[in-house]
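Structure file my_file03.cif with mmCIF, C-alpha atoms and all ligand atoms:
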```
data_entry
loop_
_atom_site.label_atom_id
_atom_site.label_comp_id
_atom_site.auth_asym_id
_atom_site.auth_seq_id
_atom_site.Cartn_x
_atom_site.Cartn_y
_atom_site.Cartn_z
CA MET A 1 52.89 -170.40 -35.41
CA ASN A 2 54.99 -168.26 -33.09
CA ASN A 3 58.34 -166.76 -34.04
CA GLN A 4 60.35 -169.23 -32.00
CA THR A 5 58.80 -172.19 -33.84
CA LYS A 6 59.07 -170.42 -37.17
CA SER A 7 62.78 -169.74 -36.75
CA GLN A 8 63.33 -173.30 -35.56
CA PHE A 9 61.76 -174.55 -38.80
CA VAL A 10 63.93 -172.14 -40.78
CA ALA A 11 67.10 -173.17 -38.93
CA VAL A 12 66.49 -176.86 -39.56
CA ALA A 13 65.61 -176.27 -43.20
CA SER A 14 68.72 -174.11 -43.74
CA ILE A 15 70.95 -176.90 -42.41
CA THR A 16 69.63 -179.26 -45.05
CA SER A 17 70.33 -176.75 -47.80
CA GLU A 18 73.81 -175.81 -46.50
CA LEU A 19 74.67 -179.47 -46.23
CA SER A 20 73.62 -180.26 -49.76
CA ALA A 21 75.97 -177.47 -50.91
CA VAL A 22 78.76 -179.01 -48.81
CA MET A 23 78.09 -182.32 -50.53
CA VAL A 24 78.50 -180.77 -53.97
CA VAL A 25 81.79 -179.15 -52.96
CA ALA A 26 83.12 -182.34 -51.35
CA LYS A 27 82.46 -184.13 -54.61
CA GLU A 28 84.39 -181.38 -56.41
CA ILE A 29 87.35 -181.99 -54.12
CA SER A 30 87.21 -185.66 -54.87
CA LEU A 31 87.26 -184.85 -58.59
CA ALA A 32 90.17 -182.45 -58.11
CA ALA A 33 92.05 -185.23 -56.32
CA ALA A 34 91.53 -187.62 -59.24
CA ASN A 35 92.66 -184.93 -61.62
CA ALA A 36 95.77 -184.22 -59.54
CA LYS A 37 96.59 -187.89 -59.41
CA ALA A 38 96.58 -188.08 -63.21
CA ILE A 39 98.79 -185.02 -63.54
CA ALA A 40 101.18 -186.24 -60.86
CA PHE A 41 101.40 -189.57 -62.66
CA ARG A 42 102.32 -187.86 -65.93
CA ALA A 43 104.80 -185.58 -64.14
CA GLY A 44 106.57 -188.65 -62.72
CA ASP A 45 109.58 -187.78 -60.57
CA LYS A 46 108.95 -184.07 -60.82
CA ALA A 47 105.77 -184.46 -58.79
CA LYS A 48 106.89 -187.19 -56.48
CA GLY A 49 105.94 -185.24 -53.35
CA PHE A 50 102.54 -184.54 -54.83
CA GLN A 51 101.39 -188.14 -55.22
CA PRO A 52 100.73 -189.01 -51.56
CA ILE A 53 99.01 -185.67 -51.20
CA THR A 54 96.46 -186.56 -53.89
CA ASP A 55 95.56 -189.76 -52.05
CA PHE A 56 95.17 -187.79 -48.88
CA ILE A 57 92.89 -185.24 -50.53
CA ASN A 58 90.79 -188.03 -51.96
CA GLU A 59 90.48 -189.72 -48.58
CA LEU A 60 89.47 -186.46 -46.97
CA ALA A 61 86.80 -185.82 -49.59
CA LYS A 62 85.40 -189.32 -49.12
CA GLU A 63 85.23 -188.92 -45.35
CA THR A 64 83.53 -185.57 -45.68
CA ILE A 65 80.88 -187.07 -47.96
CA GLU A 66 80.25 -189.90 -45.49
CA LEU A 67 80.03 -187.50 -42.60
CA VAL A 68 77.59 -185.22 -44.39
CA THR A 69 75.44 -188.20 -45.34
CA SER A 70 75.11 -189.19 -41.71
CA ILE A 71 74.52 -185.59 -40.64
CA ASN A 72 71.66 -185.40 -43.14
CA VAL A 73 69.94 -188.24 -41.31
CA TYR A 74 70.20 -186.20 -38.11
CA ALA A 75 68.92 -183.09 -39.85
CA LEU A 76 65.89 -185.04 -41.03
CA SER A 77 65.16 -186.27 -37.52
CA LEU A 78 65.54 -182.69 -36.26
CA TYR A 79 62.93 -181.66 -38.79
CA GLN A 80 60.54 -184.38 -37.64
CA LEU A 81 61.11 -183.36 -34.03
CA THR A 82 60.33 -179.77 -34.91
CA VAL A 83 57.07 -180.80 -36.58
CA ASN A 84 56.22 -182.95 -33.56
CA GLU A 85 57.04 -180.25 -31.08
CA TYR A 86 54.89 -177.83 -33.05
CA ARG A 87 51.92 -180.23 -32.91
CA LYS A 88 52.36 -180.91 -29.21
CA THR A 89 52.67 -177.23 -28.42
CA ILE A 90 49.45 -176.43 -30.27
CA ALA A 91 47.65 -179.22 -28.41
CA TYR A 92 49.00 -178.06 -25.05
CA ASN A 93 47.89 -174.47 -25.71
CA LYS A 94 44.43 -175.62 -26.80
CA PHE A 95 44.08 -177.85 -23.72
CA GLU A 96 45.00 -174.91 -21.50
CA LEU A 97 42.31 -172.91 -23.24
CA VAL A 98 39.80 -175.73 -22.61
CA VAL A 99 40.61 -175.65 -18.90
CA LYS A 100 40.10 -171.88 -18.88
CA ILE A 101 36.77 -171.95 -20.72
CA ALA A 102 35.46 -175.00 -18.86
CA LYS A 103 36.15 -173.82 -15.33
CA ASP A 104 32.44 -174.02 -14.35
CA ALA A 105 31.88 -177.37 -16.03
CA PRO A 106 31.18 -180.30 -13.68
CA TYR A 107 33.80 -182.46 -15.43
CA ALA A 108 36.45 -179.74 -15.86
CA GLN A 109 38.86 -181.67 -13.63
CA SER A 110 38.97 -184.58 -16.07
CA MET A 111 40.96 -182.39 -18.46
CA GLN A 112 43.96 -182.42 -16.09
CA PRO A 113 45.49 -185.76 -17.19
CA PRO A 114 45.45 -184.89 -20.93
CA LEU A 115 46.80 -181.42 -20.11
CA GLU A 116 49.60 -182.91 -18.03
CA HIS A 117 50.33 -185.51 -20.69
CA ALA A 118 50.46 -182.87 -23.44
CA LYS A 119 52.86 -180.80 -21.36
CA LEU A 120 55.16 -183.75 -20.75
CA SER A 121 55.27 -184.81 -24.38
CA MET A 122 55.89 -181.23 -25.50
CA GLU A 123 58.80 -180.97 -23.07
CA LEU A 124 60.11 -184.36 -24.16
CA CYS A 125 60.26 -183.09 -27.74
CA GLN A 126 62.09 -179.97 -26.62
CA ARG A 127 64.67 -181.98 -24.69
CA GLN A 128 65.15 -184.42 -27.54
CA PHE A 129 65.61 -181.52 -29.93
CA LYS A 130 68.34 -180.01 -27.76
CA ARG A 131 70.07 -183.36 -27.44
CA ASP A 132 70.01 -183.94 -31.19
CA VAL A 133 71.21 -180.41 -31.84
CA LYS A 134 74.19 -181.05 -29.60
CA GLN A 135 75.05 -184.24 -31.45
CA LEU A 136 74.66 -182.52 -34.78
CA LEU A 137 76.94 -179.70 -33.66
CA ASP A 138 79.61 -182.26 -32.73
CA GLN A 139 79.39 -183.82 -36.16
CA LEU A 140 79.56 -180.43 -37.82
CA GLU A 141 82.69 -179.78 -35.78
CA ALA A 142 84.21 -182.90 -37.36
CA VAL A 143 83.43 -181.57 -40.84
CA MET A 144 85.07 -178.24 -39.90
CA HIS A 145 88.10 -180.19 -38.82
CA HIS A 146 88.24 -181.88 -42.22
CA ALA A 147 87.91 -178.55 -43.97
CA ARG A 148 90.79 -177.10 -41.96
CA ALA A 149 92.93 -180.14 -42.73
CA ALA A 150 92.14 -179.74 -46.42
CA ARG A 151 93.38 -176.17 -46.34
CA VAL A 152 96.67 -177.22 -44.77
CA ILE A 153 97.05 -179.87 -47.46
CA ALA A 154 96.30 -177.29 -50.13
CA ALA A 155 99.11 -175.10 -48.78
CA ASN A 156 101.52 -178.08 -48.87
CA SER A 157 100.39 -178.91 -52.38
CA ARG A 158 101.33 -175.44 -53.51
CA ILE A 159 104.87 -175.92 -52.23
CA GLU A 160 105.14 -179.31 -53.89
CA ALA A 161 103.68 -177.90 -57.10
CA SER A 162 106.39 -175.26 -57.26
CA GLN A 163 108.95 -178.05 -57.83
CA ALA A 164 107.01 -179.68 -60.65
CA GLY A 165 108.54 -177.78 -63.56
CA GLU A 166 106.19 -177.57 -66.54
CA TYR A 167 103.41 -179.12 -64.43
CA LEU A 168 103.58 -176.26 -61.99
CA GLN A 169 100.52 -174.47 -63.35
CA SER A 170 98.16 -177.43 -63.48
CA LEU A 171 99.18 -178.67 -60.04
CA GLN A 172 98.84 -175.21 -58.63
CA ALA A 173 95.34 -175.07 -60.09
CA VAL A 174 94.55 -178.31 -58.23
CA ALA A 175 95.84 -176.85 -54.96
CA GLU A 176 93.80 -173.73 -55.64
CA SER A 177 90.56 -175.62 -56.18
CA VAL A 178 91.06 -177.73 -53.04
CA ASP A 179 91.68 -174.58 -51.05
CA LYS A 180 88.61 -172.88 -52.46
CA ALA A 181 86.42 -175.91 -51.82
CA ALA A 182 87.67 -176.27 -48.26
CA HIS A 183 86.93 -172.62 -47.72
CA THR A 184 83.36 -173.00 -48.97
CA ILE A 185 82.76 -176.04 -46.77
CA HIS A 186 84.12 -174.17 -43.80
CA ASP A 187 81.80 -171.21 -44.41
CA ASN A 188 78.71 -173.33 -44.99
CA VAL A 189 79.26 -175.46 -41.95
CA GLN A 190 79.95 -172.38 -39.89
CA ARG A 191 76.56 -170.99 -40.92
CA CYS A 192 74.89 -174.26 -39.86
CA ARG A 193 76.58 -174.07 -36.50
CA ILE A 194 75.51 -170.48 -35.93
CA ALA A 195 71.91 -171.31 -36.90
CA LEU A 196 71.87 -174.26 -34.49
CA SER A 197 73.83 -172.84 -31.59
CA LEU A 198 70.77 -170.74 -30.72
CA TYR A 199 68.97 -173.92 -29.73
CA ARG A 200 71.71 -175.65 -27.79
CA ASN A 201 70.99 -173.89 -24.53
CA SER A 202 67.81 -171.97 -25.23
CA MET B 1 29.06 -172.58 -27.31
CA LYS B 2 25.31 -173.11 -26.86
CA MET B 3 24.06 -176.50 -25.69
CA THR B 4 20.60 -177.88 -26.27
CA LYS B 5 19.32 -181.23 -25.09
CA ILE B 6 17.31 -182.61 -28.00
CA TYR B 7 16.47 -186.01 -26.53
CA GLU B 8 16.27 -187.33 -23.02
CA GLY B 9 15.40 -190.97 -22.42
CA THR B 10 17.54 -193.91 -21.42
CA HIS B 11 20.27 -191.87 -23.04
CA GLN B 12 20.65 -188.26 -24.16
CA TRP B 13 21.30 -186.32 -27.32
CA ILE B 14 22.92 -182.92 -26.94
CA MET B 15 23.41 -180.40 -29.70
CA PHE B 16 26.29 -177.92 -29.60
CA GLY B 17 26.48 -174.87 -31.82
CA ARG B 18 26.21 -171.12 -32.31
CA ASP B 19 29.58 -170.53 -30.69
CA GLU B 20 29.79 -166.80 -29.97
CA ASN B 21 33.58 -166.75 -30.16
CA LYS B 22 33.81 -168.43 -33.53
CA PRO B 23 35.90 -166.45 -36.07
CA VAL B 24 33.47 -164.84 -38.54
CA ASN B 25 35.01 -166.34 -41.68
CA ILE B 26 34.42 -169.92 -40.49
CA ILE B 27 31.10 -171.64 -41.27
CA ASP B 28 28.96 -172.24 -38.20
CA SER B 29 28.43 -175.91 -37.49
CA ASN B 30 26.36 -178.13 -35.24
CA GLN B 31 28.06 -180.79 -33.20
CA TYR B 32 26.19 -183.56 -31.43
CA ALA B 33 26.84 -185.82 -28.47
CA VAL B 34 25.11 -189.07 -27.59
CA ARG B 35 25.51 -189.69 -23.89
CA THR B 36 24.89 -193.03 -22.16
CA ALA B 37 25.64 -193.81 -18.50
CA ASN B 38 29.37 -194.34 -18.94
CA ARG B 39 30.15 -193.37 -22.50
CA CYS B 40 29.91 -190.46 -24.84
CA LEU B 41 29.92 -190.36 -28.64
CA LEU B 42 30.62 -187.11 -30.47
CA LEU B 43 29.07 -186.74 -33.92
CA GLU B 44 30.76 -184.35 -36.37
CA PRO B 45 33.20 -183.05 -33.68
CA GLY B 46 34.07 -180.05 -35.81
CA GLY B 47 36.97 -178.01 -37.11
CA SER B 48 40.23 -177.45 -35.24
CA GLU B 49 39.25 -173.83 -34.51
CA LEU B 50 36.28 -175.20 -32.63
CA PHE B 51 38.12 -177.80 -30.58
CA ALA B 52 38.58 -175.83 -27.35
CA PRO B 53 35.01 -174.46 -27.03
CA MET B 54 33.62 -177.84 -28.07
CA MET B 55 35.69 -179.83 -25.58
CA ALA B 56 34.87 -177.32 -22.85
CA ALA B 57 31.15 -177.67 -23.66
CA VAL B 58 31.33 -181.47 -23.62
CA LEU B 59 32.86 -181.29 -20.13
CA HIS B 60 29.45 -180.09 -18.94
CA HIS B 61 28.10 -183.53 -19.85
CA ALA B 62 30.90 -186.08 -19.68
CA PRO B 63 34.45 -186.44 -18.37
CA VAL B 64 37.21 -186.70 -20.98
CA GLU B 65 37.92 -190.36 -20.30
CA GLN B 66 34.31 -191.27 -21.10
CA ILE B 67 34.50 -189.78 -24.60
CA THR B 68 35.05 -193.14 -26.23
CA ASP B 69 33.76 -192.61 -29.74
CA LEU B 70 33.85 -190.03 -32.51
CA PHE B 71 31.89 -190.10 -35.73
CA ALA B 72 32.61 -188.19 -38.93
CA SER B 73 30.00 -188.37 -41.70
CA HIS B 74 32.63 -187.42 -44.27
CA GLN B 75 36.09 -185.91 -44.66
CA ASP B 76 35.34 -182.17 -44.69
CA PRO B 77 37.42 -179.86 -42.46
CA ASP B 78 34.32 -178.38 -40.78
CA VAL B 79 33.41 -181.93 -39.75
CA ILE B 80 36.65 -183.34 -38.44
CA SER B 81 39.78 -181.20 -38.86
CA SER B 82 39.96 -181.21 -35.03
CA LEU B 83 40.89 -184.92 -35.17
CA GLY B 84 44.60 -184.32 -34.41
CA LEU B 85 43.65 -182.55 -31.17
CA TRP B 86 41.13 -185.17 -30.05
CA ASP B 87 43.84 -187.68 -30.85
CA GLN B 88 46.09 -186.11 -28.23
CA ALA B 89 43.31 -185.59 -25.67
CA LEU B 90 41.62 -189.00 -25.73
CA SER B 91 43.56 -192.03 -24.64
CA ASN B 92 41.08 -194.74 -25.54
CA ALA B 93 38.79 -193.73 -28.36
CA LYS B 94 37.55 -194.87 -31.76
CA LEU B 95 36.79 -192.81 -34.82
CA HIS B 96 33.94 -194.18 -36.94
CA ALA B 97 34.30 -192.72 -40.42
CA PRO B 98 33.88 -193.79 -44.05
CA ALA B 99 36.37 -196.46 -45.08
CA ILE B 100 37.24 -194.68 -48.30
CA TRP B 101 38.44 -191.59 -46.39
CA GLU B 102 40.76 -193.37 -43.96
CA SER B 103 44.07 -192.53 -45.61
CA PHE B 104 42.87 -188.98 -46.20
CA LEU B 105 41.59 -188.33 -42.69
CA ARG B 106 44.83 -189.59 -41.20
CA HIS B 107 46.43 -186.39 -42.51
CA PHE B 108 44.73 -184.64 -39.59
CA GLY B 109 46.63 -186.88 -37.14
CA CYS B 110 45.18 -190.19 -35.92
CA GLU B 111 47.72 -192.11 -33.88
CA SER B 112 46.17 -193.01 -30.54
CA ILE B 113 42.59 -193.02 -31.81
CA GLU B 114 41.54 -196.23 -33.53
CA TYR B 115 40.08 -195.63 -37.00
CA VAL B 116 37.04 -197.85 -37.48
CA PRO B 117 36.32 -197.81 -41.22
CA ILE B 118 32.63 -197.83 -42.16
CA PRO B 119 32.09 -199.99 -45.27
CA ASP B 120 30.04 -198.53 -48.14
CA ASN B 121 26.88 -200.37 -47.08
CA GLY B 122 26.92 -198.88 -43.57
CA GLY B 123 26.98 -200.47 -40.14
CA THR B 124 26.26 -199.70 -36.51
CA ILE B 125 27.82 -198.05 -33.49
CA LYS B 126 27.07 -199.67 -30.16
CA LEU B 127 27.20 -197.40 -27.16
CA GLU B 128 26.39 -199.51 -24.11
CA SER B 129 22.76 -200.55 -24.70
CA VAL B 130 22.18 -198.01 -27.47
CA GLU B 131 22.60 -199.14 -31.05
CA LEU B 132 22.94 -196.46 -33.70
CA GLN B 133 22.58 -197.21 -37.40
CA LEU B 134 24.97 -195.81 -39.96
CA ILE B 135 22.88 -194.98 -43.01
CA PRO B 136 24.68 -194.65 -46.36
CA ALA B 137 24.32 -191.16 -47.84
CA HIS B 138 27.00 -191.28 -50.51
CA TYR B 139 27.37 -188.26 -52.80
CA LEU B 140 25.34 -186.13 -50.40
CA HIS B 141 27.57 -184.30 -50.76
CA SER B 142 30.71 -186.38 -50.20
CA SER B 143 31.41 -189.51 -52.22
CA GLY B 144 31.79 -191.50 -48.98
CA ASN B 145 29.16 -190.28 -46.55
CA PHE B 146 26.99 -191.63 -43.71
CA HIS B 147 24.17 -190.41 -41.50
CA VAL B 148 23.43 -191.64 -37.99
CA TYR B 149 19.97 -192.96 -37.09
CA ASP B 150 18.89 -193.62 -33.55
CA PRO B 151 15.72 -195.77 -33.71
CA GLN B 152 15.04 -195.33 -30.00
CA ALA B 153 15.24 -191.52 -30.00
CA ARG B 154 13.97 -191.38 -33.61
CA ILE B 155 16.69 -188.92 -34.51
CA LEU B 156 18.49 -188.80 -37.85
CA MET B 157 21.75 -186.86 -37.76
CA SER B 158 21.87 -185.98 -41.44
CA GLY B 159 25.29 -184.34 -41.88
CA ASP B 160 25.22 -181.66 -44.57
CA VAL B 161 21.74 -182.73 -45.78
CA GLY B 162 19.16 -180.32 -44.39
CA SER B 163 21.82 -177.69 -43.77
CA ALA B 164 21.12 -174.00 -44.09
CA LEU B 165 23.34 -170.95 -44.35
CA GLU B 166 22.17 -168.78 -41.50
CA ALA B 167 22.95 -165.47 -39.86
CA PRO B 168 24.92 -165.82 -36.61
CA GLY B 169 22.84 -166.69 -33.58
CA ALA B 170 19.92 -168.20 -35.52
CA PRO B 171 17.47 -170.29 -33.45
CA MET B 172 18.15 -174.00 -33.02
CA PHE B 173 14.88 -175.24 -34.49
CA VAL B 174 13.01 -174.56 -37.73
CA GLU B 175 9.99 -172.48 -36.75
CA ASN B 176 8.49 -171.67 -40.13
CA PHE B 177 9.36 -174.17 -42.83
CA ASP B 178 8.34 -171.96 -45.76
CA LEU B 179 10.57 -169.13 -44.54
CA HIS B 180 13.42 -171.59 -43.98
CA ILE B 181 13.46 -172.84 -47.58
CA GLU B 182 15.39 -169.88 -48.95
CA LYS B 183 18.20 -170.51 -46.46
CA MET B 184 18.58 -174.06 -47.70
CA ARG B 185 17.98 -173.83 -51.45
CA TYR B 186 21.37 -172.66 -52.71
CA PHE B 187 23.28 -174.86 -50.28
CA HIS B 188 21.55 -178.01 -51.50
CA GLN B 189 21.58 -177.05 -55.17
CA ARG B 190 25.28 -176.18 -55.15
CA TRP B 191 26.83 -178.63 -52.65
CA MET B 192 24.78 -181.71 -53.48
CA PRO B 193 26.03 -183.18 -56.75
CA SER B 194 23.65 -185.98 -57.70
CA ASN B 195 19.89 -186.19 -58.25
CA GLN B 196 20.22 -189.95 -58.46
CA ALA B 197 21.95 -190.18 -55.07
CA LYS B 198 19.38 -187.83 -53.60
CA ARG B 199 16.51 -190.04 -54.81
CA ALA B 200 18.12 -193.21 -53.37
CA TRP B 201 18.67 -191.48 -50.03
CA ILE B 202 15.11 -190.15 -49.81
CA GLU B 203 13.73 -193.61 -50.55
CA ARG B 204 15.84 -195.09 -47.77
CA VAL B 205 15.08 -192.37 -45.25
CA ARG B 206 11.32 -192.37 -45.86
CA ASN B 207 11.32 -195.88 -44.39
CA LEU B 208 12.74 -194.63 -41.09
CA ASP B 209 10.60 -193.36 -38.26
CA ILE B 210 12.03 -189.88 -37.68
CA ASP B 211 10.97 -187.26 -35.11
CA ILE B 212 14.05 -185.09 -35.44
CA LEU B 213 16.26 -184.43 -38.45
CA ALA B 214 19.47 -182.88 -37.19
CA PRO B 215 21.82 -181.38 -39.80
CA GLN B 216 25.41 -180.22 -39.38
CA HIS B 217 24.62 -176.57 -40.22
CA GLY B 218 21.57 -174.46 -39.51
CA ARG B 219 18.43 -175.56 -37.75
CA ILE B 220 16.91 -178.83 -36.61
CA PHE B 221 13.66 -180.13 -38.15
CA LYS B 222 10.99 -181.55 -35.86
CA GLY B 223 7.75 -183.47 -36.40
CA ASN B 224 5.99 -182.62 -39.64
CA ASP B 225 8.87 -180.43 -40.83
CA VAL B 226 10.88 -183.61 -41.35
CA LYS B 227 8.42 -184.83 -43.97
CA ARG B 228 8.17 -181.33 -45.43
CA PHE B 229 11.92 -181.28 -45.82
CA LEU B 230 11.98 -184.69 -47.56
CA ASP B 231 9.26 -183.58 -49.98
CA TRP B 232 11.00 -180.30 -50.70
CA PHE B 233 14.38 -181.98 -51.22
CA ASP B 234 12.76 -184.63 -53.43
CA ALA B 235 11.51 -181.96 -55.82
CA LEU B 236 14.73 -179.94 -55.88
CA GLN B 237 17.15 -180.16 -58.81
CA VAL B 238 20.70 -180.38 -57.45
CA GLY B 239 24.16 -180.26 -59.03
CA ILE B 240 23.51 -176.88 -60.64
CA ALA B 241 27.10 -175.85 -61.27
CA VAL B 242 27.43 -177.92 -64.45
FE FE C 301 30.67 -181.18 -46.08
FE FE C 302 29.48 -179.26 -43.47
#
```
Would you mind giving the structure from this file in structure tokens?
Amino acid sequence: MNNQTKSQFVAVASITSELSAVMVVAKEISLAAANAKAIAFRAGDKAKGFQPITDFINELAKETIELVTSINVYALSLYQLTVNEYRKTIAYNKFELVVKIAKDAPYAQSMQPPLEHAKLSMELCQRQFKRDVKQLLDQLEAVMHHARAARVIAANSRIEASQAGEYLQSLQAVAESVDKAAHTIHDNVQRCRIALSLYRNS
Amino acid sequence: MKMTKIYEGTHQWIMFGRDENKPVNIIDSNQYAVRTANRCLLLEPGGSELFAPMMAAVLHHAPVEQITDLFASHQDPDVISSLGLWDQALSNAKLHAPAIWESFLRHFGCESIEYVPIPDNGGTIKLESVELQLIPAHYLHSSGNFHVYDPQARILMSGDVGSALEAPGAPMFVENFDLHIEKMRYFHQRWMPSNQAKRAWIERVRNLDIDILAPQHGRIFKGNDVKRFLDWFDALQVGIAV
């Protein structure tokens, strides 16, 4: 296995692991939203501005989870493509070797169609991989967008929390955990994008 | 890869082996081709390391598109781990292999090649006018295992039975049977698990008219050495590891 293939395997595998971490964090946000909703309910009028925010956070978490689920399907297909490309590349290299060794053989020419076919299917895999990487990058961009939105909401929540009297501390804690979670998602997704961007135009 | 024609009649048998470029830590193996006018059958096509030299050697005898059939006596990697590469090279081929190994052998990659499962009691492979018999040889050493008998050429391709562990570049044929015994003894005692299976096989094979016994490793037996081998194997205790 050459280094290019090896790092492609690693890149695809790392996406799956980063994404499963994103999933965990998104579920945390969703929990934080439920928690905030309960507090805001108890706080009544004092946390009036906070209530719509909790719904918004919850919605955001749900969307992120859906998005990551669909990205995972893509990541799996990228993995299968990588395996396929690896197989086709090995075959192509072996067929080239056959042509080299068999140059004096009376039927050497008959190796041309399989060689050509192997080359085409190897290249098809490579193109498909690039196309899927591009689509995956777009979806990751959407998750980044969600993470950024969550951070803005967290900042708003902090302001609203400051008006909530004795509930200030618990609401601030909610805002804090949303902010932290959004930050983690942002970082993880960013790492996925860096790992993949190598293959977009390579 | 060395090539030796071991039968020439209405069809041909070619033996391939003793590849000089084979990595040293890989067991040397014999591959065989049965060539008719328009078709070619490869017996025990070999490990994936051997694919390129083997394919290149076959191109001296047949064009790729006429390689229509592969045969694997059993599931071992030295027999057939090249399957995934043949699968990508051949567009219209069949693999004849034991039925019980189908789902195992598919791990090597078998998408375009059609897997023709050989039932436990054997069968035939028809190659134009040539009909080859698939002789059950279960537990010698694999639990699902077949040998190929050509009644016209009087050749029995006997898979791992008759194999010897040899120094690189050993001759193709047994020249002195008594000297050859020591190269076969441990292999048969250690790899062959069942005295009962051995007895059943010998009984079956003694009824065949055999000029050439062609194993997957080591040297080929001719003429009287075939009978000598059967007698020697008959008397040998196998399955020594337990
Ligand atoms: Fe074997
Ligand atoms: Fe073997």
Q: Select residues of chain A: the criterion is any atom within 7 Å of an atom of chain B, counting only C-alpha atoms; output as a PyMOL selection string.
A: chain A and resi 91+94-95+97-98+101-102+105-108+110-111+114
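Taking all atoms listed in the file, the non-local environment of Cys192 in chain A within 12 Å (same-chain residues fewer than 6 positions away omitted) comprises Val10, Ala11, Val12, Ala13, Ser14, Ile15, Thr16, Ser17, Glu18, Leu19, Ser20, Ala21, Val22, Ile71, Ala75, Val133, Leu136, Leu137, Asp138, Gln139, Leu140, Glu141, Val143, Met144, Ile185, His186, Leu198 and Tyr199 of chain A.
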Q: Give the residues close to ligand FE 302 (chain C), within 12 Å, counting all atoms listed in the file; write them as a PyMOL selection string.
A: chain B and resi 26-31+44-47+72-81+140-142+145+158-165+187-188+191-192+215-218
Q: Please identify all polymer residues lying at most 8 Å from the point (12.6, -176.4, -37.9) (file coordinates), using only C-alpha atoms, and present the result as a list in words.
A: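 Neighbouring residues, ordered by chain and number, come to Met172, Phe173, Val174, Glu175, Asn176, Phe177, His180, Arg219, Ile220, Phe221, Lys222 and Asp225 of chain B.
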Q.
When you look at Val83 in chain A with a cut-off of 12 Å (counting all atoms listed in the file), what residues show up, excluding the ones that are within fewer than 6 positions of it in the same chain? I need them as an NGL selection string.
A. :A and (1 or 5-6 or 8-10 or 12-13 or 76-77 or 89-90 or 122 or 125-126 or 129)
Q: Please indicate the distance in Å from CA of Pro193 in chain B to CA of Tyr139 in chain B, rounded to one decimal place.
A: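 Those two atoms sit 6.6 Å apart.
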Q: Write out as a PyMOL selection string each polymer residue whose atoms come within 12 Å of Arg127 in chain A, counting only C-alpha atoms; drop sequence neighbours fewer than 4 positions from it.
A: chain A and resi 78+81-82+85+120-123+131-134+199-202
Q: For CA of Ile100 in chain B and CA of Ala200 in chain B, determine how far apart the two atoms are, in Å to one decimal place.
A: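 Between CA of Ile100 in chain B and CA of Ala200 in chain B the gap works out to 19.8 Å.
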Q) Can you tell me how far CA of Gly17 in chain B sits from CA of Leu134 in chain B, in Å to one decimal? A) 22.5 Å
Q: Name the closest residue to ligand FE 301 (chain C) among the candidates B:Leu213, B:Phe146, B:Val242, B:Pro151; distances are taken between atoms, counting only C-alpha atoms and all ligand atoms.
A: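 So, comparing all the options, the nearest one is B:Phe146.
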Within 10 Å of Thr184 in chain A, counting only C-alpha atoms, which residues show up once you throw out same-chain ones fewer than 6 positions away? Write them as a CSV table (one decimal) with C-alpha atoms, keeping the file's coordinate frame, please.
```
chain,number,residue,atom,x,y,z
A,21,ALA,CA,76.0,-177.5,-50.9
A,22,VAL,CA,78.8,-179.0,-48.8
A,25,VAL,CA,81.8,-179.2,-53.0
A,26,ALA,CA,83.1,-182.3,-51.4
A,147,ALA,CA,87.9,-178.6,-44.0
A,178,VAL,CA,91.1,-177.7,-53.0
A,190,GLN,CA,80.0,-172.4,-39.9
```
Q | Given all atoms listed in the file as the counted atoms, nearest of B:Ala137, B:Lys94, B:Tyr7, B:Pro117 to ligand FE 301 (chain C) | A |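 Closest candidate: B:Ala137.
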Q.
Residues within 12 Å of Glu203 in chain B, please, as a list in words. Count all atoms listed in the file; anything in the same chain fewer than 4 positions from it doesn't count.
A. Ile135, Pro136, Ala137, Gln196, Ala197, Lys198, Arg199, Asn207, Leu208, Leu230, Asp231, Phe233 and Asp234 of chain B
Just need the box for range 222-234 of chain B, edges along x, y and z, holding every atom the file lists for it with 6 Å tacked onto each side, so centre and edge lengths in Å to one decimal, as AutoDock Vina command-line options.
```
--center_x 10.2 --center_y -182.6 --center_z -44.6 --size_x 20.4 --size_y 16.5 --size_z 29.6
```
Q) Restricting the calculation to all atoms listed in the file, which member of B:Gln189, B:Ser103, B:Asn38, B:Ser143 is positioned closest to ligand FE 301 (chain C)? A) B:Ser143
